[in-house]
Amino acid sequence: MNEENREVNVDWIPVSGFQLRKAGVQFDAVRVDGDEGRRLASLMEALTGGDPGPVVIEANGRRGVYFLVPPGSTARKAWPRGVTRFNGGPAHVSYVPVPALRGRTWPLSWRFPPTSPDRFVHPLLLRSAVTELFSGVS
């Protein structure tokens with residue numbers, strides 16, 4: 001574990017590079033791809049005064065933006081089209097890419113790094129923001 005990981009005491013962040021983490025254990029995740037995901041991250045930043053919780057961005061492929069939410073908070077809830085949920089359950093496993101806090105992590109990076117082990121994106125606020133954002137998309 002590196003020094004910065006100890007400061008925030010988050011043991012699921014890799015020391016270097018990036019790793020896949022099983023959703024539903026330490027966190028669930030919501031992914032929104034492309035420009036919509038980046039707009040959603042900016043909206044969440046504005047709504048929370050600059051601290052929306054941990055958000056990972058992907059530089060290639062779908063250019064996904066992963067919003068890390070508390071474990072169990074995405075299952076059995078309706079989310080708008082364009083949202084991919086990552087969670088765990090009976091006969092269902094999904095994985096979320098998590099970059100290290102520093103060093104070479106391409107194509108992943110932290111848009112908003114975690115600040116403490118129990119601080120996540122607020123799922124109700126996120127769901128409201130994504131619903132609002134997608135209501136204007138044709």
# chains A, B, ... in the order shown; residues from 1 in each chain; ligands from 1

call {"tool": "residues_around", "arguments": {"residues": "region 43-56 of chain A", "least_positions_apart": "2", "cutoff": "6 Å", "atoms": "only C-alpha atoms", "output": "number ranges by chain"}}
result
A: 40-41, 65-68, 109-114, 120-121

call {"tool": "select_by_dssp", "arguments": {"residues": "chain A", "states": "helix (DSSP H, G or I)", "output": "compact mmCIF listing (two decimals) with N, CA, C and O atoms, in the first residue's frame"}}
result
# COMPACT_ATOMS: atom_id res chain seq x y z
N GLU A 3 1.81 5.46 0.28
CA GLU A 3 1.55 6.47 1.30
C GLU A 3 0.20 7.15 1.12
O GLU A 3 -0.55 7.35 2.07
N GLU A 4 -0.14 7.49 -0.12
CA GLU A 4 -1.42 8.18 -0.35
C GLU A 4 -2.60 7.27 -0.04
O GLU A 4 -3.61 7.71 0.48
N ASN A 5 -2.50 5.97 -0.35
CA ASN A 5 -3.57 5.04 0.00
C ASN A 5 -3.76 4.99 1.51
O ASN A 5 -4.87 4.89 2.00
N ARG A 6 -2.67 5.06 2.28
CA ARG A 6 -2.77 5.06 3.74
C ARG A 6 -3.45 6.31 4.25
O ARG A 6 -4.21 6.27 5.20
N GLU A 7 -3.19 7.44 3.58
CA GLU A 7 -3.80 8.70 4.01
C GLU A 7 -5.32 8.63 3.94
O GLU A 7 -6.00 9.13 4.82
N VAL A 8 -5.87 8.04 2.89
CA VAL A 8 -7.32 7.92 2.78
C VAL A 8 -7.81 6.57 3.28
O VAL A 8 -9.00 6.35 3.38
N GLY A 34 -19.07 8.36 -22.69
CA GLY A 34 -18.85 9.49 -23.57
C GLY A 34 -19.07 10.86 -22.94
O GLY A 34 -18.88 11.07 -21.75
N ASP A 35 -19.50 11.78 -23.81
CA ASP A 35 -19.68 13.17 -23.38
C ASP A 35 -20.76 13.30 -22.31
O ASP A 35 -20.66 14.14 -21.42
N GLU A 36 -21.78 12.44 -22.38
CA GLU A 36 -22.84 12.49 -21.36
C GLU A 36 -22.27 12.18 -19.98
O GLU A 36 -22.62 12.81 -18.99
N GLY A 37 -21.37 11.21 -19.91
CA GLY A 37 -20.73 10.87 -18.64
C GLY A 37 -19.89 12.01 -18.09
O GLY A 37 -19.92 12.31 -16.90
N ARG A 38 -19.19 12.70 -18.97
CA ARG A 38 -18.38 13.84 -18.53
C ARG A 38 -19.25 15.00 -18.09
O ARG A 38 -18.95 15.68 -17.12
N ARG A 39 -20.35 15.22 -18.81
CA ARG A 39 -21.29 16.28 -18.38
C ARG A 39 -21.91 15.93 -17.03
O ARG A 39 -22.08 16.79 -16.18
N LEU A 40 -22.23 14.65 -16.84
CA LEU A 40 -22.79 14.22 -15.57
C LEU A 40 -21.78 14.42 -14.43
O LEU A 40 -22.15 14.89 -13.35
N ALA A 41 -20.52 14.12 -14.66
CA ALA A 41 -19.48 14.33 -13.64
C ALA A 41 -19.38 15.81 -13.29
O ALA A 41 -19.27 16.17 -12.11
N SER A 42 -19.44 16.67 -14.30
CA SER A 42 -19.39 18.12 -14.04
C SER A 42 -20.62 18.59 -13.27
O SER A 42 -20.51 19.43 -12.37
N LEU A 43 -21.78 18.06 -13.63
CA LEU A 43 -23.01 18.40 -12.91
C LEU A 43 -22.93 17.95 -11.46
O LEU A 43 -23.29 18.71 -10.54
N MET A 44 -22.45 16.74 -11.22
CA MET A 44 -22.31 16.25 -9.84
C MET A 44 -21.31 17.09 -9.06
O MET A 44 -21.52 17.36 -7.88
N GLU A 45 -20.25 17.52 -9.72
CA GLU A 45 -19.27 18.41 -9.07
C GLU A 45 -19.96 19.70 -8.63
O GLU A 45 -19.77 20.16 -7.51
N ALA A 46 -20.76 20.28 -9.50
CA ALA A 46 -21.45 21.53 -9.19
C ALA A 46 -22.48 21.33 -8.07
O ALA A 46 -22.59 22.16 -7.17
N LEU A 47 -23.19 20.22 -8.11
CA LEU A 47 -24.24 19.96 -7.11
C LEU A 47 -23.68 19.70 -5.72
O LEU A 47 -24.37 19.90 -4.73
N PRO A 123 -26.16 7.93 -4.26
CA PRO A 123 -26.91 7.31 -5.35
C PRO A 123 -28.20 8.03 -5.73
O PRO A 123 -28.55 8.10 -6.90
N LEU A 124 -28.91 8.57 -4.76
CA LEU A 124 -30.16 9.28 -5.06
C LEU A 124 -29.89 10.57 -5.82
O LEU A 124 -30.58 10.89 -6.79
N LEU A 125 -28.87 11.30 -5.40
CA LEU A 125 -28.48 12.52 -6.10
C LEU A 125 -28.01 12.20 -7.51
O LEU A 125 -28.38 12.88 -8.48
N LEU A 126 -27.23 11.14 -7.65
CA LEU A 126 -26.73 10.72 -8.96
C LEU A 126 -27.89 10.33 -9.87
O LEU A 126 -27.95 10.76 -11.03
N ARG A 127 -28.82 9.55 -9.36
CA ARG A 127 -29.96 9.12 -10.18
C ARG A 127 -30.81 10.31 -10.61
O ARG A 127 -31.25 10.40 -11.75
N SER A 128 -31.01 11.27 -9.71
CA SER A 128 -31.75 12.49 -10.06
C SER A 128 -31.00 13.30 -11.11
O SER A 128 -31.61 13.80 -12.07
N ALA A 129 -29.69 13.43 -10.95
CA ALA A 129 -28.88 14.20 -11.90
C ALA A 129 -28.86 13.55 -13.28
O ALA A 129 -28.99 14.24 -14.30
N VAL A 130 -28.71 12.24 -13.34
CA VAL A 130 -28.68 11.56 -14.63
C VAL A 130 -30.05 11.62 -15.29
O VAL A 130 -30.16 11.78 -16.52
N THR A 131 -31.11 11.54 -14.53
CA THR A 131 -32.46 11.66 -15.08
C THR A 131 -32.67 13.04 -15.67
O THR A 131 -33.19 13.19 -16.77
N GLU A 132 -32.23 14.06 -14.95
CA GLU A 132 -32.33 15.44 -15.43
C GLU A 132 -31.49 15.64 -16.69
O GLU A 132 -31.95 16.23 -17.66
N LEU A 133 -30.27 15.15 -16.66
CA LEU A 133 -29.37 15.30 -17.80
C LEU A 133 -29.95 14.62 -19.04
O LEU A 133 -29.94 15.18 -20.12
N PHE A 134 -30.47 13.41 -18.89
CA PHE A 134 -30.97 12.64 -20.02
C PHE A 134 -32.36 13.10 -20.47
O PHE A 134 -32.78 12.74 -21.56
N SER A 135 -33.05 13.87 -19.66
CA SER A 135 -34.37 14.34 -20.08
C SER A 135 -34.27 15.35 -21.22
O SER A 135 -35.19 15.50 -21.99

call {"tool": "select_by_dssp", "arguments": {"residues": "region 50-119 of chain A", "states": "strand (DSSP E)", "output": "list in words"}}
result
Val55, Val56, Ile57, Glu58, Gly64, Val65, Tyr66, Phe67, Leu68, Val69, Val83, Thr84, Arg85, Phe86, Tyr95, Val96, Pro97, Val98, Pro99, Leu108, Ser109, Trp110, Arg111 and Phe112 of chain A

call {"tool": "atom_distance", "arguments": {"atom1": "CA of Val25 (chain A)", "atom2": "CA of Arg76 (chain A)"}}
result
16.5 Å

call {"tool": "atom_distance", "arguments": {"atom1": "CA of Pro90 (chain A)", "atom2": "CA of Pro70 (chain A)"}}
result
18.1 Å

call {"tool": "atom_distance", "arguments": {"atom1": "CA of Pro99 (chain A)", "atom2": "CA of Gly61 (chain A)"}}
result
16.2 Å

call {"tool": "decode", "arguments": {"residues": "region 85-97 of chain A", "atoms": "N, CA, C and O atoms", "output": "CSV table (one decimal), in the first residue's frame"}}
result
chain,number,residue,atom,x,y,z
A,85,ARG,N,-25.3,-0.4,-14.8
A,85,ARG,CA,-25.1,-0.6,-13.4
A,85,ARG,C,-24.1,-1.8,-13.2
A,85,ARG,O,-24.2,-2.8,-13.9
A,86,PHE,N,-23.2,-1.7,-12.2
A,86,PHE,CA,-22.3,-2.7,-11.9
A,86,PHE,C,-22.6,-3.1,-10.4
A,86,PHE,O,-22.4,-2.2,-9.5
A,87,ASN,N,-23.0,-4.3,-10.2
A,87,ASN,CA,-23.3,-4.7,-8.8
A,87,ASN,C,-23.2,-6.2,-8.8
A,87,ASN,O,-22.9,-6.9,-9.8
A,88,GLY,N,-23.4,-6.8,-7.6
A,88,GLY,CA,-23.3,-8.2,-7.4
A,88,GLY,C,-24.6,-8.8,-6.9
A,88,GLY,O,-25.4,-8.1,-6.3
A,89,GLY,N,-24.8,-10.1,-7.1
A,89,GLY,CA,-26.0,-10.7,-6.6
A,89,GLY,C,-26.0,-12.2,-7.0
A,89,GLY,O,-25.0,-12.7,-7.5
A,90,PRO,N,-27.0,-12.9,-6.6
A,90,PRO,CA,-27.1,-14.3,-7.0
A,90,PRO,C,-27.0,-14.5,-8.5
A,90,PRO,O,-27.7,-13.9,-9.2
A,91,ALA,N,-26.0,-15.3,-8.9
A,91,ALA,CA,-25.8,-15.6,-10.3
A,91,ALA,C,-25.5,-14.4,-11.1
A,91,ALA,O,-25.7,-14.4,-12.3
A,92,HIS,N,-25.0,-13.3,-10.5
A,92,HIS,CA,-24.6,-12.1,-11.2
A,92,HIS,C,-23.3,-11.6,-10.6
A,92,HIS,O,-23.3,-11.2,-9.4
A,93,VAL,N,-22.3,-11.4,-11.5
A,93,VAL,CA,-21.0,-10.8,-11.0
A,93,VAL,C,-20.6,-9.8,-12.1
A,93,VAL,O,-20.7,-10.0,-13.3
A,94,SER,N,-20.2,-8.6,-11.6
A,94,SER,CA,-19.6,-7.6,-12.5
A,94,SER,C,-18.4,-7.0,-11.9
A,94,SER,O,-18.2,-7.0,-10.6
A,95,TYR,N,-17.5,-6.5,-12.7
A,95,TYR,CA,-16.3,-5.9,-12.3
A,95,TYR,C,-16.1,-4.5,-12.7
A,95,TYR,O,-16.6,-4.1,-13.8
A,96,VAL,N,-15.4,-3.7,-11.9
A,96,VAL,CA,-15.2,-2.3,-12.2
A,96,VAL,C,-13.7,-2.0,-12.2
A,96,VAL,O,-13.0,-2.4,-11.3
A,97,PRO,N,-13.2,-1.3,-13.2
A,97,PRO,CA,-11.8,-1.0,-13.2
A,97,PRO,C,-11.5,0.2,-12.2
A,97,PRO,O,-12.2,1.2,-12.2
